Amino acid sequence: MRFKPIEGQLDHMFKAMAEYMRDFPFDDIMHAVIDLGDGEFALIGVHHSVDSFVEIMNRDNRVSDLMRKYVVPYEDGESFHSFSGPKVDLSSYL
């Protein structure tokens, strides 16, 4: 999901996210934050299955709820813009 941190809140947000991921780990599901270079960042998660994604989304304390106080809403009023899709199997091109 893409998000824009409030100016001056980036370090606070990343500290809160790091503490969250330490205290509520995602097991072996890969999660990372990517700097998109234009003031936006993206939280990326690579899930093993739809079930692992649903399990994360159904947590009582979701990381997006924690992050919401640190981000600027987009013009449509949403704090995050989601994007997702299936992994491309590059080995199928060999």
# chains A, B, ... in the order shown; residues from 1 in each chain; ligands from 1
call {"tool": "select_by_dssp", "arguments": {"residues": "chain A", "states": "alpha helix (DSSP H)", "output": "list in words"}}
result
Leu10, Asp11, His12, Met13, Phe14, Lys15, Ala16, Met17, Ala18, Glu19, Tyr20, Met21, Arg22, Asp23, Val50, Asp51, Ser52, Phe53, Val54, Glu55, Ile56, Met57, Val63, Ser64, Asp65, Leu66 and Met67 of chain A
call {"tool": "closest_residue", "arguments": {"among": "A:Ile29, A:Phe14, A:Lys69, A:Asp76", "to": "Glu55 in chain A", "atoms": "only C-alpha atoms"}}
result
A:Ile29
call {"tool": "atom_distance", "arguments": {"atom1": "CA of Phe24 in chain A", "atom2": "CA of Asp60 in chain A"}}
result
10.9 Å
call {"tool": "closest_atom_pairs", "arguments": {"of": "range 49-81 of chain A", "to": "range 19-22 of chain A", "cutoff": "12 Å", "atoms": "only C-alpha atoms", "output": "CSV"}}
result
residue,atom,partner,partner_atom,distance
A:Ile56,CA,A:Met21,CA,11.9
A:Asn61,CA,A:Tyr20,CA,9.3
A:Arg62,CA,A:Tyr20,CA,9.2
A:Val63,CA,A:Tyr20,CA,7.1
A:Ser64,CA,A:Tyr20,CA,10.6
A:Asp65,CA,A:Tyr20,CA,11.1
A:Leu66,CA,A:Tyr20,CA,8.4
A:Met67,CA,A:Tyr20,CA,10.1
call {"tool": "residues_around", "arguments": {"residues": "Gln9 in chain A", "least_positions_apart": "3", "cutoff": "12 Å", "atoms": "only C-alpha atoms", "output": "list in words"}}
result
Lys4, Pro5, Ile6, His12, Met13, Phe14, Lys15, Ala16, Met67, Arg68, Lys69, Tyr70, Val71 and Val72 of chain A
call {"tool": "select_by_dssp", "arguments": {"residues": "chain A", "states": "strand (DSSP E)", "output": "NGL selection string"}}
result
:A and (2-3 or 30-35 or 41-46)
call {"tool": "write_last_selection", "arguments": {"atoms": "all heavy atoms", "output": "short mmCIF file (atom, residue, chain, number, x, y, z; two decimals), in the first residue's frame"}}
result
data_model
loop_
_atom_site.label_atom_id
_atom_site.label_comp_id
_atom_site.auth_asym_id
_atom_site.auth_seq_id
_atom_site.Cartn_x
_atom_site.Cartn_y
_atom_site.Cartn_z
N ARG A 2 0.49 2.23 -0.77
CA ARG A 2 1.23 3.49 -0.85
C ARG A 2 0.74 4.44 0.23
O ARG A 2 -0.43 4.43 0.58
CB ARG A 2 1.03 4.15 -2.21
CG ARG A 2 1.63 3.37 -3.34
CD ARG A 2 1.45 4.08 -4.67
NE ARG A 2 0.03 4.37 -4.90
CZ ARG A 2 -0.43 5.52 -5.40
NH1 ARG A 2 0.39 6.49 -5.74
NH2 ARG A 2 -1.72 5.71 -5.58
N PHE A 3 1.66 5.31 0.72
CA PHE A 3 1.29 6.30 1.72
C PHE A 3 2.28 7.46 1.69
O PHE A 3 3.40 7.32 1.21
CB PHE A 3 1.24 5.68 3.12
CG PHE A 3 2.52 5.04 3.56
CD1 PHE A 3 3.46 5.75 4.29
CD2 PHE A 3 2.80 3.72 3.24
CE1 PHE A 3 4.65 5.15 4.71
CE2 PHE A 3 3.98 3.11 3.65
CZ PHE A 3 4.91 3.83 4.38
N MET A 30 7.36 -12.03 3.98
CA MET A 30 8.26 -10.91 3.74
C MET A 30 7.47 -9.60 3.71
O MET A 30 6.50 -9.47 2.97
CB MET A 30 9.00 -11.10 2.41
CG MET A 30 10.14 -10.12 2.16
SD MET A 30 9.74 -8.42 1.71
CE MET A 30 9.04 -8.61 0.11
N HIS A 31 7.85 -8.64 4.53
CA HIS A 31 7.30 -7.29 4.52
C HIS A 31 8.46 -6.31 4.48
O HIS A 31 9.48 -6.52 5.14
CB HIS A 31 6.45 -7.03 5.77
CG HIS A 31 5.07 -7.55 5.66
ND1 HIS A 31 4.75 -8.87 5.86
CD2 HIS A 31 3.91 -6.94 5.34
CE1 HIS A 31 3.46 -9.04 5.68
NE2 HIS A 31 2.92 -7.89 5.37
N ALA A 32 8.30 -5.25 3.72
CA ALA A 32 9.34 -4.24 3.60
C ALA A 32 8.70 -2.90 3.26
O ALA A 32 7.59 -2.85 2.73
CB ALA A 32 10.36 -4.62 2.53
N VAL A 33 9.41 -1.82 3.54
CA VAL A 33 8.98 -0.48 3.15
C VAL A 33 9.92 -0.02 2.05
O VAL A 33 11.14 -0.12 2.18
CB VAL A 33 9.02 0.50 4.34
CG1 VAL A 33 8.64 1.90 3.88
CG2 VAL A 33 8.09 0.03 5.45
N ILE A 34 9.34 0.49 0.98
CA ILE A 34 10.11 0.96 -0.17
C ILE A 34 9.91 2.46 -0.33
O ILE A 34 8.77 2.94 -0.30
CB ILE A 34 9.66 0.23 -1.46
CG1 ILE A 34 9.94 -1.26 -1.33
CG2 ILE A 34 10.35 0.81 -2.68
CD1 ILE A 34 9.36 -2.08 -2.45
N ASP A 35 11.00 3.20 -0.46
CA ASP A 35 10.94 4.64 -0.71
C ASP A 35 10.71 4.83 -2.21
O ASP A 35 11.55 4.44 -3.03
CB ASP A 35 12.27 5.27 -0.28
CG ASP A 35 12.28 6.79 -0.42
OD1 ASP A 35 11.40 7.35 -1.10
OD2 ASP A 35 13.20 7.40 0.16
N PHE A 41 5.88 6.37 0.08
CA PHE A 41 6.49 5.09 0.41
C PHE A 41 5.46 4.01 0.13
O PHE A 41 4.27 4.30 -0.03
CB PHE A 41 6.89 5.06 1.89
CG PHE A 41 8.02 5.99 2.21
CD1 PHE A 41 7.80 7.34 2.40
CD2 PHE A 41 9.32 5.51 2.32
CE1 PHE A 41 8.83 8.21 2.68
CE2 PHE A 41 10.36 6.36 2.60
CZ PHE A 41 10.13 7.71 2.79
N ALA A 42 5.91 2.79 0.09
CA ALA A 42 5.00 1.66 -0.08
C ALA A 42 5.38 0.57 0.91
O ALA A 42 6.56 0.26 1.08
CB ALA A 42 5.08 1.11 -1.50
N LEU A 43 4.38 0.05 1.58
CA LEU A 43 4.55 -1.12 2.43
C LEU A 43 4.19 -2.32 1.57
O LEU A 43 3.07 -2.42 1.07
CB LEU A 43 3.64 -1.04 3.66
CG LEU A 43 3.65 -2.26 4.59
CD1 LEU A 43 5.04 -2.49 5.18
CD2 LEU A 43 2.64 -2.08 5.70
N ILE A 44 5.17 -3.19 1.37
CA ILE A 44 5.02 -4.35 0.50
C ILE A 44 5.01 -5.60 1.35
O ILE A 44 5.84 -5.77 2.24
CB ILE A 44 6.21 -4.45 -0.50
CG1 ILE A 44 6.35 -3.15 -1.31
CG2 ILE A 44 6.07 -5.66 -1.40
CD1 ILE A 44 5.23 -2.85 -2.25
N GLY A 45 4.09 -6.49 1.08
CA GLY A 45 4.04 -7.79 1.74
C GLY A 45 3.93 -8.88 0.70
O GLY A 45 3.12 -8.77 -0.22
N VAL A 46 4.76 -9.89 0.82
CA VAL A 46 4.70 -11.04 -0.07
C VAL A 46 4.14 -12.20 0.74
O VAL A 46 4.82 -12.73 1.62
CB VAL A 46 6.08 -11.38 -0.67
CG1 VAL A 46 5.97 -12.61 -1.57
CG2 VAL A 46 6.65 -10.20 -1.43
#
call {"tool": "closest_residue", "arguments": {"among": "A:Asp89, A:Glu40, A:Glu78, A:Asp51", "to": "Glu7 in chain A", "atoms": "only C-alpha atoms"}}
result
A:Glu40
call {"tool": "atom_distance", "arguments": {"atom1": "CA of Gly8 in chain A", "atom2": "CA of Ser82 in chain A"}}
result
23.5 Å
